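Shown below: upload-v6.pdb, with PDB, C-alpha atoms, pLDDT in the B column.
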ATOM      1  CA  ASP B   1       0.000   0.000   0.000  1.00 52.00           C
ATOM      2  CA  ALA B   2       2.826   2.367  -0.929  1.00 51.00           C
ATOM      3  CA  LYS B   3       1.458   5.852  -1.362  1.00 83.00           C
ATOM      4  CA  THR B   4       4.399   7.399  -3.195  1.00 92.00           C
ATOM      5  CA  THR B   5       5.777   7.147  -6.720  1.00 93.00           C
ATOM      6  CA  GLN B   6       9.401   7.844  -7.583  1.00 95.00           C
ATOM      7  CA  PRO B   7      11.557   7.340 -10.685  1.00 97.00           C
ATOM      8  CA  PRO B   8      13.553   4.132 -10.290  1.00 96.00           C
ATOM      9  CA  SER B   9      16.901   5.745 -11.015  1.00 97.00           C
ATOM     10  CA  MET B  10      18.615   9.098 -11.574  1.00 97.00           C
ATOM     11  CA  ASP B  11      22.123  10.328 -12.288  1.00 97.00           C
ATOM     12  CA  CYS B  12      23.780  13.508 -11.105  1.00 96.00           C
ATOM     13  CA  ALA B  13      27.193  15.068 -11.643  1.00 97.00           C
ATOM     14  CA  GLU B  14      29.345  15.610  -8.587  1.00 97.00           C
ATOM     15  CA  GLY B  15      29.044  19.178  -7.279  1.00 97.00           C
ATOM     16  CA  ARG B  16      25.718  19.778  -8.977  1.00 97.00           C
ATOM     17  CA  ALA B  17      22.317  19.888  -7.315  1.00 97.00           C
ATOM     18  CA  ALA B  18      20.369  16.633  -7.250  1.00 98.00           C
ATOM     19  CA  ASN B  19      16.608  17.088  -7.493  1.00 98.00           C
ATOM     20  CA  LEU B  20      14.649  13.965  -6.617  1.00 98.00           C
ATOM     21  CA  PRO B  21      10.910  14.084  -7.390  1.00 97.00           C
ATOM     22  CA  CYS B  22       8.144  12.238  -5.604  1.00 96.00           C
ATOM     23  CA  ASN B  23       4.452  11.948  -6.340  1.00 95.00           C
ATOM     24  CA  HIS B  24       2.057  11.426  -3.431  1.00 91.00           C
ATOM     25  CA  SER B  25      -1.251  12.431  -4.976  1.00 88.00           C
ATOM     26  CA  THR B  26      -3.373  10.463  -2.481  1.00 86.00           C
ATOM     27  CA  ILE B  27      -1.775  11.914   0.644  1.00 87.00           C
ATOM     28  CA  SER B  28      -4.155  12.953   3.418  1.00 84.00           C
ATOM     29  CA  GLY B  29      -4.115  16.303   5.169  1.00 80.00           C
ATOM     30  CA  ASN B  30      -2.335  15.133   8.318  1.00 82.00           C
ATOM     31  CA  GLU B  31       0.179  12.776   6.718  1.00 87.00           C
ATOM     32  CA  TYR B  32       3.790  13.865   6.778  1.00 89.00           C
ATOM     33  CA  VAL B  33       6.272  13.266   3.969  1.00 92.00           C
ATOM     34  CA  TYR B  34       9.619  11.841   5.058  1.00 93.00           C
ATOM     35  CA  TRP B  35      12.777  11.291   3.043  1.00 95.00           C
ATOM     36  CA  TYR B  36      15.289   8.627   3.916  1.00 96.00           C
ATOM     37  CA  ARG B  37      18.261   7.221   2.064  1.00 97.00           C
ATOM     38  CA  GLN B  38      19.885   3.846   2.234  1.00 97.00           C
ATOM     39  CA  ILE B  39      23.434   2.971   1.341  1.00 94.00           C
ATOM     40  CA  HIS B  40      24.117  -0.669   0.596  1.00 85.00           C
ATOM     41  CA  SER B  41      24.036  -2.929   3.684  1.00 82.00           C
ATOM     42  CA  GLN B  42      23.136  -0.088   6.037  1.00 91.00           C
ATOM     43  CA  GLY B  43      19.853   0.896   7.619  1.00 94.00           C
ATOM     44  CA  PRO B  44      17.860   3.809   6.187  1.00 95.00           C
ATOM     45  CA  GLN B  45      19.177   7.228   7.224  1.00 94.00           C
ATOM     46  CA  TYR B  46      16.819  10.082   8.014  1.00 93.00           C
ATOM     47  CA  ILE B  47      17.182  13.138   5.782  1.00 95.00           C
ATOM     48  CA  ILE B  48      14.244  15.482   6.269  1.00 94.00           C
ATOM     49  CA  HIS B  49      10.474  15.599   6.689  1.00 93.00           C
ATOM     50  CA  GLY B  50       7.642  18.065   6.295  1.00 92.00           C
ATOM     51  CA  LEU B  51       3.894  18.559   6.198  1.00 91.00           C
ATOM     52  CA  LYS B  52       3.138  21.490   3.910  1.00 89.00           C
ATOM     53  CA  ASN B  53       5.862  24.074   4.323  1.00 86.00           C
ATOM     54  CA  ASN B  54       9.222  23.882   2.636  1.00 93.00           C
ATOM     55  CA  GLU B  55      11.940  22.641   4.945  1.00 95.00           C
ATOM     56  CA  THR B  56      15.721  22.926   4.976  1.00 96.00           C
ATOM     57  CA  ASN B  57      18.391  21.368   7.142  1.00 94.00           C
ATOM     58  CA  GLU B  58      22.106  20.746   6.900  1.00 94.00           C
ATOM     59  CA  MET B  59      21.604  17.808   4.553  1.00 94.00           C
ATOM     60  CA  ALA B  60      18.910  18.882   2.125  1.00 97.00           C
ATOM     61  CA  SER B  61      15.882  20.957   1.245  1.00 97.00           C
ATOM     62  CA  LEU B  62      12.341  19.675   0.848  1.00 97.00           C
ATOM     63  CA  ILE B  63       9.964  21.484  -1.464  1.00 97.00           C
ATOM     64  CA  ILE B  64       6.291  20.496  -1.151  1.00 95.00           C
ATOM     65  CA  THR B  65       3.774  21.739  -3.691  1.00 94.00           C
ATOM     66  CA  GLU B  66       0.877  23.813  -2.431  1.00 92.00           C
ATOM     67  CA  ASP B  67      -1.628  21.033  -3.161  1.00 92.00           C
ATOM     68  CA  ARG B  68       0.717  18.570  -1.393  1.00 92.00           C
ATOM     69  CA  LYS B  69       0.435  16.083  -4.223  1.00 92.00           C
ATOM     70  CA  SER B  70       4.167  16.063  -4.894  1.00 94.00           C
ATOM     71  CA  SER B  71       7.487  17.055  -3.422  1.00 95.00           C
ATOM     72  CA  THR B  72      11.131  17.385  -4.396  1.00 97.00           C
ATOM     73  CA  LEU B  73      14.189  16.586  -2.341  1.00 98.00           C
ATOM     74  CA  ILE B  74      17.137  18.798  -3.192  1.00 98.00           C
ATOM     75  CA  LEU B  75      20.730  17.906  -2.390  1.00 97.00           C
ATOM     76  CA  PRO B  76      22.402  21.253  -3.148  1.00 96.00           C
ATOM     77  CA  HIS B  77      25.924  20.008  -3.917  1.00 95.00           C
ATOM     78  CA  ALA B  78      25.950  16.269  -4.523  1.00 96.00           C
ATOM     79  CA  THR B  79      29.064  14.281  -3.612  1.00 97.00           C
ATOM     80  CA  LEU B  80      30.037  10.714  -4.445  1.00 97.00           C
ATOM     81  CA  ARG B  81      28.992   9.713  -0.928  1.00 95.00           C
ATOM     82  CA  ASP B  82      25.430  10.740  -1.744  1.00 97.00           C
ATOM     83  CA  THR B  83      25.094   7.717  -4.052  1.00 97.00           C
ATOM     84  CA  ALA B  84      22.272   5.729  -2.439  1.00 97.00           C
ATOM     85  CA  VAL B  85      18.644   4.689  -2.739  1.00 97.00           C
ATOM     86  CA  TYR B  86      16.395   7.585  -1.732  1.00 98.00           C
ATOM     87  CA  TYR B  87      12.969   6.833  -0.324  1.00 96.00           C
ATOM     88  CA  CYS B  88      10.068   9.260  -0.282  1.00 95.00           C
ATOM     89  CA  ILE B  89       7.759   8.036   2.451  1.00 92.00           C
ATOM     90  CA  VAL B  90       4.368   8.873   3.871  1.00 89.00           C
ATOM     91  CA  ARG B  91       3.968   8.587   7.604  1.00 87.00           C
ATOM     92  CA  LEU B  92       0.598   7.051   8.393  1.00 86.00           C
ATOM     93  CA  THR B  93      -1.129   7.426  11.734  1.00 84.00           C
ATOM     94  CA  GLN B  94      -4.295   5.530  12.478  1.00 81.00           C
ATOM     95  CA  GLY B  95      -5.961   4.185  15.578  1.00 80.00           C
ATOM     96  CA  GLY B  96      -3.051   4.876  17.893  1.00 80.00           C
ATOM     97  CA  SER B  97      -0.529   3.348  15.510  1.00 85.00           C
ATOM     98  CA  GLU B  98       1.979   4.941  13.206  1.00 87.00           C
ATOM     99  CA  LYS B  99       4.158   3.595  10.441  1.00 88.00           C
ATOM    100  CA  LEU B 100       6.335   4.678   7.550  1.00 88.00           C
ATOM    101  CA  VAL B 101       5.131   3.296   4.220  1.00 89.00           C
ATOM    102  CA  PHE B 102       8.109   2.857   1.903  1.00 90.00           C
ATOM    103  CA  GLY B 103       7.938   2.609  -1.875  1.00 85.00           C
ATOM    104  CA  LYS B 104      10.656   1.286  -4.127  1.00 88.00           C
ATOM    105  CA  GLY B 105      12.797   4.420  -3.969  1.00 94.00           C
ATOM    106  CA  THR B 106      15.090   6.165  -6.451  1.00 97.00           C
ATOM    107  CA  LYS B 107      18.602   4.873  -7.002  1.00 97.00           C
ATOM    108  CA  LEU B 108      20.707   8.037  -7.236  1.00 98.00           C
ATOM    109  CA  THR B 109      24.145   7.691  -8.751  1.00 98.00           C
ATOM    110  CA  VAL B 110      26.500  10.634  -8.377  1.00 97.00           C
ATOM    111  CA  ASN B 111      29.145  10.579 -11.082  1.00 96.00           C
ATOM    112  CA  PRO B 112      32.610  12.178 -10.874  1.00 95.00           C
TER     113      PRO B 112
ATOM    114  CA  GLY Y   1      23.712   4.464  23.147  1.00 53.00           C
ATOM    115  CA  ALA Y   2      24.418   6.693  20.197  1.00 77.00           C
ATOM    116  CA  GLY Y   3      22.297   4.703  17.789  1.00 93.00           C
ATOM    117  CA  VAL Y   4      19.979   1.748  17.382  1.00 96.00           C
ATOM    118  CA  SER Y   5      21.878  -1.490  17.865  1.00 97.00           C
ATOM    119  CA  GLN Y   6      20.766  -4.793  16.356  1.00 98.00           C
ATOM    120  CA  SER Y   7      22.175  -8.250  16.913  1.00 97.00           C
ATOM    121  CA  PRO Y   8      23.212 -10.535  15.459  1.00 97.00           C
ATOM    122  CA  ARG Y   9      24.330  -8.730  12.327  1.00 96.00           C
ATOM    123  CA  TYR Y  10      23.999 -11.939  10.292  1.00 97.00           C
ATOM    124  CA  LYS Y  11      22.085 -15.106  11.036  1.00 98.00           C
ATOM    125  CA  VAL Y  12      21.946 -18.326   9.062  1.00 98.00           C
ATOM    126  CA  ALA Y  13      19.173 -20.680  10.100  1.00 98.00           C
ATOM    127  CA  LYS Y  14      18.182 -24.086   8.860  1.00 97.00           C
ATOM    128  CA  ARG Y  15      14.604 -24.343   7.680  1.00 97.00           C
ATOM    129  CA  GLY Y  16      12.381 -25.144  10.640  1.00 97.00           C
ATOM    130  CA  GLN Y  17      14.703 -23.586  13.207  1.00 98.00           C
ATOM    131  CA  ASP Y  18      13.529 -20.846  15.590  1.00 98.00           C
ATOM    132  CA  VAL Y  19      15.428 -17.535  15.620  1.00 98.00           C
ATOM    133  CA  ALA Y  20      15.459 -14.486  17.891  1.00 98.00           C
ATOM    134  CA  LEU Y  21      16.581 -11.064  16.709  1.00 98.00           C
ATOM    135  CA  ARG Y  22      17.433  -8.340  19.193  1.00 98.00           C
ATOM    136  CA  CYS Y  23      17.020  -4.570  19.006  1.00 98.00           C
ATOM    137  CA  ASP Y  24      18.473  -2.036  21.456  1.00 98.00           C
ATOM    138  CA  PRO Y  25      16.794   1.305  20.728  1.00 97.00           C
ATOM    139  CA  ILE Y  26      18.175   4.723  21.578  1.00 95.00           C
ATOM    140  CA  SER Y  27      17.777   5.340  25.301  1.00 93.00           C
ATOM    141  CA  GLY Y  28      14.552   7.169  26.069  1.00 91.00           C
ATOM    142  CA  HIS Y  29      12.920   6.461  22.727  1.00 93.00           C
ATOM    143  CA  VAL Y  30       9.274   5.650  23.285  1.00 92.00           C
ATOM    144  CA  SER Y  31       8.416   4.272  19.848  1.00 93.00           C
ATOM    145  CA  LEU Y  32       9.958   1.141  18.371  1.00 96.00           C
ATOM    146  CA  PHE Y  33       9.310  -0.411  14.982  1.00 96.00           C
ATOM    147  CA  TRP Y  34      10.290  -3.575  13.154  1.00 98.00           C
ATOM    148  CA  TYR Y  35      10.534  -3.683   9.367  1.00 97.00           C
ATOM    149  CA  GLN Y  36      11.331  -6.471   6.913  1.00 97.00           C
ATOM    150  CA  GLN Y  37      13.325  -5.712   3.769  1.00 96.00           C
ATOM    151  CA  ALA Y  38      13.528  -8.259   0.982  1.00 94.00           C
ATOM    152  CA  LEU Y  39      16.358  -8.016  -1.523  1.00 91.00           C
ATOM    153  CA  GLY Y  40      15.888  -5.067  -3.868  1.00 88.00           C
ATOM    154  CA  GLN Y  41      12.731  -3.857  -2.131  1.00 91.00           C
ATOM    155  CA  GLY Y  42      11.887  -1.076   0.276  1.00 92.00           C
ATOM    156  CA  PRO Y  43      11.371  -1.910   3.952  1.00 94.00           C
ATOM    157  CA  GLU Y  44       7.911  -3.179   4.894  1.00 94.00           C
ATOM    158  CA  PHE Y  45       6.297  -2.508   8.246  1.00 94.00           C
ATOM    159  CA  LEU Y  46       5.926  -5.421  10.647  1.00 97.00           C
ATOM    160  CA  THR Y  47       4.976  -4.062  14.067  1.00 97.00           C
ATOM    161  CA  TYR Y  48       4.968  -0.992  16.326  1.00 95.00           C
ATOM    162  CA  PHE Y  49       5.499  -0.544  20.077  1.00 95.00           C
ATOM    163  CA  GLN Y  50       4.828   2.459  22.223  1.00 94.00           C
ATOM    164  CA  ASN Y  51       6.838   1.750  25.356  1.00 95.00           C
ATOM    165  CA  GLU Y  52       5.958  -1.860  26.239  1.00 96.00           C
ATOM    166  CA  ALA Y  53       2.596  -1.837  24.473  1.00 95.00           C
ATOM    167  CA  GLN Y  54       2.401  -3.427  21.048  1.00 96.00           C
ATOM    168  CA  LEU Y  55      -0.088  -1.102  19.388  1.00 94.00           C
ATOM    169  CA  ASP Y  56       0.094  -2.502  15.879  1.00 94.00           C
ATOM    170  CA  LYS Y  57       1.117  -5.936  14.645  1.00 94.00           C
ATOM    171  CA  SER Y  58      -0.764  -5.814  11.391  1.00 94.00           C
ATOM    172  CA  GLY Y  59       2.358  -6.299   9.291  1.00 95.00           C
ATOM    173  CA  LEU Y  60       3.481  -9.581  10.842  1.00 97.00           C
ATOM    174  CA  PRO Y  61       3.186 -12.055   7.947  1.00 95.00           C
ATOM    175  CA  SER Y  62       2.063 -15.062   9.958  1.00 95.00           C
ATOM    176  CA  ASP Y  63       1.587 -16.367  13.486  1.00 95.00           C
ATOM    177  CA  ARG Y  64       5.146 -17.687  13.311  1.00 98.00           C
ATOM    178  CA  PHE Y  65       6.303 -14.100  13.886  1.00 98.00           C
ATOM    179  CA  PHE Y  66       6.199 -12.724  17.398  1.00 97.00           C
ATOM    180  CA  ALA Y  67       7.641  -9.509  18.862  1.00 98.00           C
ATOM    181  CA  GLU Y  68       7.952  -8.292  22.406  1.00 97.00           C
ATOM    182  CA  ARG Y  69       9.293  -5.320  24.360  1.00 97.00           C
ATOM    183  CA  PRO Y  70       8.579  -6.288  27.971  1.00 95.00           C
ATOM    184  CA  GLU Y  71      10.239  -3.364  29.764  1.00 93.00           C
ATOM    185  CA  GLY Y  72       9.751  -0.722  27.129  1.00 91.00           C
ATOM    186  CA  SER Y  73      13.350  -0.704  25.970  1.00 94.00           C
ATOM    187  CA  VAL Y  74      14.984  -3.741  24.319  1.00 97.00           C
ATOM    188  CA  SER Y  75      12.825  -5.603  21.825  1.00 98.00           C
ATOM    189  CA  THR Y  76      13.038  -9.109  20.409  1.00 98.00           C
ATOM    190  CA  LEU Y  77      11.571 -10.350  17.150  1.00 98.00           C
ATOM    191  CA  LYS Y  78      11.110 -14.104  17.173  1.00 98.00           C
ATOM    192  CA  ILE Y  79      10.446 -16.236  14.148  1.00 98.00           C
ATOM    193  CA  GLN Y  80       9.371 -19.828  14.719  1.00 98.00           C
ATOM    194  CA  ARG Y  81       9.859 -22.683  12.272  1.00 98.00           C
ATOM    195  CA  THR Y  82      11.700 -20.477   9.788  1.00 98.00           C
ATOM    196  CA  GLN Y  83      11.015 -20.900   6.083  1.00 97.00           C
ATOM    197  CA  GLN Y  84      13.020 -19.809   3.072  1.00 96.00           C
ATOM    198  CA  GLU Y  85      10.671 -16.912   2.348  1.00 96.00           C
ATOM    199  CA  ASP Y  86      11.636 -15.452   5.734  1.00 97.00           C
ATOM    200  CA  SER Y  87      15.097 -14.672   4.342  1.00 97.00           C
ATOM    201  CA  ALA Y  88      15.425 -10.881   4.470  1.00 97.00           C
ATOM    202  CA  VAL Y  89      16.998  -8.027   6.384  1.00 97.00           C
ATOM    203  CA  TYR Y  90      15.089  -7.220   9.554  1.00 98.00           C
ATOM    204  CA  LEU Y  91      15.353  -3.574  10.530  1.00 98.00           C
ATOM    205  CA  CYS Y  92      14.545  -1.982  13.848  1.00 98.00           C
ATOM    206  CA  ALA Y  93      13.827   1.729  14.252  1.00 96.00           C
ATOM    207  CA  SER Y  94      13.135   3.919  17.255  1.00 95.00           C
ATOM    208  CA  SER Y  95      11.785   7.408  17.798  1.00 92.00           C
ATOM    209  CA  LEU Y  96      10.990   9.836  20.587  1.00 88.00           C
ATOM    210  CA  GLY Y  97       7.441   9.697  19.275  1.00 78.00           C
ATOM    211  CA  GLY Y  98       5.219  12.154  17.506  1.00 71.00           C
ATOM    212  CA  PHE Y  99       5.461  13.784  14.123  1.00 66.00           C
ATOM    213  CA  PHE Y 100       8.227  16.219  15.066  1.00 67.00           C
ATOM    214  CA  TYR Y 101      10.943  13.607  15.238  1.00 75.00           C
ATOM    215  CA  GLY Y 102      12.472  11.350  12.652  1.00 81.00           C
ATOM    216  CA  TYR Y 103      13.018   7.651  13.084  1.00 90.00           C
ATOM    217  CA  THR Y 104      16.496   6.208  13.650  1.00 93.00           C
ATOM    218  CA  PHE Y 105      17.106   2.847  12.046  1.00 95.00           C
ATOM    219  CA  GLY Y 106      19.612   0.196  13.026  1.00 96.00           C
ATOM    220  CA  SER Y 107      21.835  -1.556  10.494  1.00 96.00           C
ATOM    221  CA  GLY Y 108      19.602  -4.593  10.511  1.00 97.00           C
ATOM    222  CA  THR Y 109      19.956  -8.337  10.876  1.00 98.00           C
ATOM    223  CA  ARG Y 110      20.364 -10.262   7.647  1.00 97.00           C
ATOM    224  CA  LEU Y 111      18.566 -13.584   8.044  1.00 98.00           C
ATOM    225  CA  THR Y 112      19.269 -16.364   5.585  1.00 98.00           C
ATOM    226  CA  VAL Y 113      17.203 -19.532   5.831  1.00 98.00           C
ATOM    227  CA  VAL Y 114      18.780 -22.536   4.139  1.00 97.00           C
TER     228      VAL Y 114
END
For this file, produce the structure as C-alpha cells.
Amino acid sequence: DAKTTQPPSMDCAEGRAANLPCNHSTISGNEYVYWYRQIHSQGPQYIIHGLKNNETNEMASLIITEDRKSSTLILPHATLRDTAVYYCIVRLTQGGSEKLVFGKGTKLTVNP
Amino acid sequence: GAGVSQSPRYKVAKRGQDVALRCDPISGHVSLFWYQQALGQGPEFLTYFQNEAQLDKSGLPSDRFFAERPEGSVSTLKIQRTQQEDSAVYLCASSLGGFFYGYTFGSGTRLTVV
C-alpha cells in the first residue's frame, strides 16, 4: 500500500544539485512526507520531513507543492557519498498506531 | 547508546529452526518499529510498540512471527519454524514519538534460511 511514486533511477554530476521528485497524490491532510536514504548494507538514514511548508536542514531541502500532491528533495551540492537509494515516504497514523510506508525508492548515482 | 543497535548482524538458520533477533533502541525512545526488507525492495512494516505496548502488529506475515518489548526498551523479534521466504533483512527503528521527530534505524539483521 505504498502511497508514493518515484523514478527508479537518476544520475547527477558531482558538485551539482540533485533534485529527486516524488508523487504522493493520495496523501491525506495530516500525513507527513519523510525522506530517507539507504546505502548498501546499512539501515535507512533520516534526511528530512515536512507537512506542507518547505523545509531545509544541513543535509537537504524539501519542497512540497501547495496542493501537497508532490514534493522534491534537493541535495544542493551532490558528492560521491550521496550515491544511495532515496525513499520518499508517507507517515501514516491511524488508531493509535503509526508507520512509515516505503515505496521502491530512487537509485541516485553521483558521477565524478 | 548513540544509535539503534541490532544483533546478530547476520544469522543463518536451517529451515524449521527458531530464531530471535534483538534490538536495542536509543535510550529514552518511546516508539519502536520492526521492518522487513527483501532483496531489492523497500522496507515493509511489521509491528509498532509504544513503550511496552504493542499497538500494531498488522504487518506480521504469519503467526510464526512474534515480537515483544517487555520493559519498554529492548525488543526481540522471534520467528518460529523459519522458512526460506523469511530470508530478508530485519530492521529496527526507534523514535521519541510524535510527528516532530524522525526515526532512527539500526543496520539490521540479515537472516538467511537454508
Kindly provide the residues of chain Y that approach chain B to within 6 Å, each paired with its closest atom pair and their distance in Å to one decimal, based on only C-alpha atoms, listed by chain and increasing number, as CSV.
residue,atom,partner,partner_atom,distance
Y:Gln41,CA,B:Lys104,CA,5.9
Y:Gly42,CA,B:Lys104,CA,5.1
Y:Leu55,CA,B:Ser97,CA,5.9
Y:Asp56,CA,B:Ser97,CA,5.9
Y:Phe105,CA,B:Gly43,CA,5.6
Y:Gly106,CA,B:Gly43,CA,5.5
Y:Ser107,CA,B:Gly43,CA,4.3
Which value, in Å to one decimal, gives the distance between atom CA of Gly108 of chain Y and atom CA of Lys11 of chain Y?
->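 Taking atom CA of Gly108 of chain Y as the start and atom CA of Lys11 of chain Y as the end point, the length is 10.8 Å.
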Name the residues that the PyMOL selection byres ((chain Y and resi 17-25) around 6) picks from the file above, as a ChimeraX atom specification, using the file's chain letters and numbers. /Y:4-7,14-16,26,74-82,94
I need the residues from that last selection saved to file as an mmCIF file, in the frame of the given file (with C-alpha atoms), if you can.
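Result file follows (result.cif):
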data_model
loop_
_atom_site.group_PDB
_atom_site.id
_atom_site.type_symbol
_atom_site.label_atom_id
_atom_site.label_comp_id
_atom_site.auth_asym_id
_atom_site.auth_seq_id
_atom_site.Cartn_x
_atom_site.Cartn_y
_atom_site.Cartn_z
ATOM 1 C CA VAL Y 4 19.979 1.748 17.382
ATOM 2 C CA SER Y 5 21.878 -1.490 17.865
ATOM 3 C CA GLN Y 6 20.766 -4.793 16.356
ATOM 4 C CA SER Y 7 22.175 -8.250 16.913
ATOM 5 C CA LYS Y 14 18.182 -24.086 8.860
ATOM 6 C CA ARG Y 15 14.604 -24.343 7.680
ATOM 7 C CA GLY Y 16 12.381 -25.144 10.640
ATOM 8 C CA ILE Y 26 18.175 4.723 21.578
ATOM 9 C CA VAL Y 74 14.984 -3.741 24.319
ATOM 10 C CA SER Y 75 12.825 -5.603 21.825
ATOM 11 C CA THR Y 76 13.038 -9.109 20.409
ATOM 12 C CA LEU Y 77 11.571 -10.350 17.150
ATOM 13 C CA LYS Y 78 11.110 -14.104 17.173
ATOM 14 C CA ILE Y 79 10.446 -16.236 14.148
ATOM 15 C CA GLN Y 80 9.371 -19.828 14.719
ATOM 16 C CA ARG Y 81 9.859 -22.683 12.272
ATOM 17 C CA THR Y 82 11.700 -20.477 9.788
ATOM 18 C CA SER Y 94 13.135 3.919 17.255
#
Students should find that atom CA of Glu85 of chain Y and atom CA of Glu68 of chain Y are spaced 22.0 Å
Output as lines of an AutoDock Vina configuration file the centre and edge lengths (Å, one decimal) of the box along x, y and z of the file that holds every listed atom of segment 58-76 of chain Y after adding 4 Å on each side.
center_x = 7.1
center_y = -9.2
center_z = 18.9
size_x = 23.7
size_y = 25.0
size_z = 29.8
request  = Quick one: apply the PyMOL selection byres ((chain B and resi 25) around 7) to the file and drop the selected residues here as number ranges by chain.
outcome  = B: 23-24, 26-27, 69-70
Taking (12.3, 4.1, 16.0) in the coordinates of the supplied file, I want to know which residues reach to within 10 Å of it, counting only C-alpha atoms; could you give the answer as a list in words?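 The residues near that point, listed by chain and number, are Lys99 of chain B; Val4, Pro25, Ile26, His29, Val30, Ser31, Leu32, Phe33, Trp34, Tyr48, Phe49, Gln50, Leu91, Cys92, Ala93, Ser94, Ser95, Leu96, Gly97, Tyr101, Gly102, Tyr103, Thr104, Phe105 and Gly106 of chain Y.
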Q.
Once the PyMOL selection byres ((chain B and resi 53) around 12) is applied to the coordinates I shared, what remains selected? I want it as a ChimeraX atom specification.
A. /B:32-33,49-52,54-56,61-68,71
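Considering only C-alpha atoms, the residue among Y:Gly28, Y:Gly40, Y:Gly3, Y:Gly59 positioned nearest to Ala88 of chain Y is Y:Gly40.
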- Calculate how many Å separate atom CA of Ala67 of chain Y from atom CA of Thr109 of chain Y, rounding to one decimal.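 Answer for the atom CA of Ala67 of chain Y to atom CA of Thr109 of chain Y separation: 14.7 Å.
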Q. Which is closer to Gln6 of chain B than all the others in B:Asn111, B:Asn19, B:Asn57, B:Thr106, using all atoms listed in the file?
A.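 Looking only at the distances to Gln6 of chain B, the closest residue turns out to be B:Thr106.
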Write out as a list in words the residues lying within 9 Å of Val114 of chain Y, counting only C-alpha atoms and excluding same-chain residues fewer than 6 positions away.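 Counting only the stated atoms, we get Val12, Ala13, Lys14, Arg15, Gln83, Gln84 and Ser87 of chain Y.
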Applying 6 Å and all atoms listed in the file, which residues near segment 75-83 of chain B remain after dropping the ones on its own chain fewer than 2 positions away? List them as number ranges by chain. B: 14-18, 60, 108-110
For segment 44-49 of chain B, supply all heavy atoms and format the output as a PDB file, in the coordinates of the input.
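File produced: part_21.pdb:
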ATOM      1  N   PRO B  44      18.253   2.513   6.742  1.00 95.00           N
ATOM      2  CA  PRO B  44      17.860   3.809   6.187  1.00 95.00           C
ATOM      3  C   PRO B  44      18.281   4.949   7.109  1.00 95.00           C
ATOM      4  O   PRO B  44      18.204   4.837   8.336  1.00 95.00           O
ATOM      5  CB  PRO B  44      16.336   3.706   6.094  1.00 95.00           C
ATOM      6  CG  PRO B  44      16.056   2.234   6.012  1.00 95.00           C
ATOM      7  CD  PRO B  44      17.096   1.596   6.868  1.00 95.00           C
ATOM      8  N   GLN B  45      18.720   6.045   6.496  1.00 94.00           N
ATOM      9  CA  GLN B  45      19.177   7.228   7.224  1.00 94.00           C
ATOM     10  C   GLN B  45      18.198   8.362   7.014  1.00 94.00           C
ATOM     11  O   GLN B  45      17.854   8.691   5.871  1.00 94.00           O
ATOM     12  CB  GLN B  45      20.572   7.637   6.720  1.00 94.00           C
ATOM     13  CG  GLN B  45      21.124   8.913   7.350  1.00 94.00           C
ATOM     14  CD  GLN B  45      22.360   9.428   6.629  1.00 94.00           C
ATOM     15  OE1 GLN B  45      22.618   9.124   5.482  1.00 94.00           O
ATOM     16  NE2 GLN B  45      23.135  10.249   7.328  1.00 94.00           N
ATOM     17  N   TYR B  46      17.754   8.963   8.089  1.00 93.00           N
ATOM     18  CA  TYR B  46      16.819  10.082   8.014  1.00 93.00           C
ATOM     19  C   TYR B  46      17.465  11.280   7.319  1.00 93.00           C
ATOM     20  O   TYR B  46      18.636  11.610   7.579  1.00 93.00           O
ATOM     21  CB  TYR B  46      16.380  10.474   9.425  1.00 93.00           C
ATOM     22  CG  TYR B  46      15.615  11.773   9.510  1.00 93.00           C
ATOM     23  CD1 TYR B  46      14.256  11.829   9.184  1.00 93.00           C
ATOM     24  CD2 TYR B  46      16.242  12.939   9.922  1.00 93.00           C
ATOM     25  CE1 TYR B  46      13.553  13.017   9.268  1.00 93.00           C
ATOM     26  CE2 TYR B  46      15.548  14.137  10.012  1.00 93.00           C
ATOM     27  CZ  TYR B  46      14.203  14.169   9.690  1.00 93.00           C
ATOM     28  OH  TYR B  46      13.512  15.346   9.764  1.00 93.00           O
ATOM     29  N   ILE B  47      16.689  11.931   6.431  1.00 95.00           N
ATOM     30  CA  ILE B  47      17.182  13.138   5.782  1.00 95.00           C
ATOM     31  C   ILE B  47      16.370  14.357   6.243  1.00 95.00           C
ATOM     32  O   ILE B  47      16.906  15.310   6.795  1.00 95.00           O
ATOM     33  CB  ILE B  47      17.110  13.026   4.243  1.00 95.00           C
ATOM     34  CG1 ILE B  47      17.929  11.835   3.748  1.00 95.00           C
ATOM     35  CG2 ILE B  47      17.616  14.329   3.592  1.00 95.00           C
ATOM     36  CD1 ILE B  47      17.776  11.564   2.260  1.00 95.00           C
ATOM     37  N   ILE B  48      15.073  14.307   6.015  1.00 94.00           N
ATOM     38  CA  ILE B  48      14.244  15.482   6.269  1.00 94.00           C
ATOM     39  C   ILE B  48      12.779  15.074   6.237  1.00 94.00           C
ATOM     40  O   ILE B  48      12.446  14.005   5.703  1.00 94.00           O
ATOM     41  CB  ILE B  48      14.546  16.568   5.203  1.00 94.00           C
ATOM     42  CG1 ILE B  48      14.087  17.957   5.645  1.00 94.00           C
ATOM     43  CG2 ILE B  48      13.949  16.189   3.851  1.00 94.00           C
ATOM     44  CD1 ILE B  48      14.652  19.081   4.779  1.00 94.00           C
ATOM     45  N   HIS B  49      11.905  15.854   6.837  1.00 93.00           N
ATOM     46  CA  HIS B  49      10.474  15.599   6.689  1.00 93.00           C
ATOM     47  C   HIS B  49       9.703  16.906   6.764  1.00 93.00           C
ATOM     48  O   HIS B  49      10.217  17.926   7.262  1.00 93.00           O
ATOM     49  CB  HIS B  49       9.968  14.595   7.725  1.00 93.00           C
ATOM     50  CG  HIS B  49       9.846  15.114   9.133  1.00 93.00           C
ATOM     51  ND1 HIS B  49      10.936  15.318   9.954  1.00 93.00           N
ATOM     52  CD2 HIS B  49       8.751  15.417   9.880  1.00 93.00           C
ATOM     53  CE1 HIS B  49      10.517  15.739  11.132  1.00 93.00           C
ATOM     54  NE2 HIS B  49       9.203  15.816  11.124  1.00 93.00           N
TER      55      HIS B  49
END
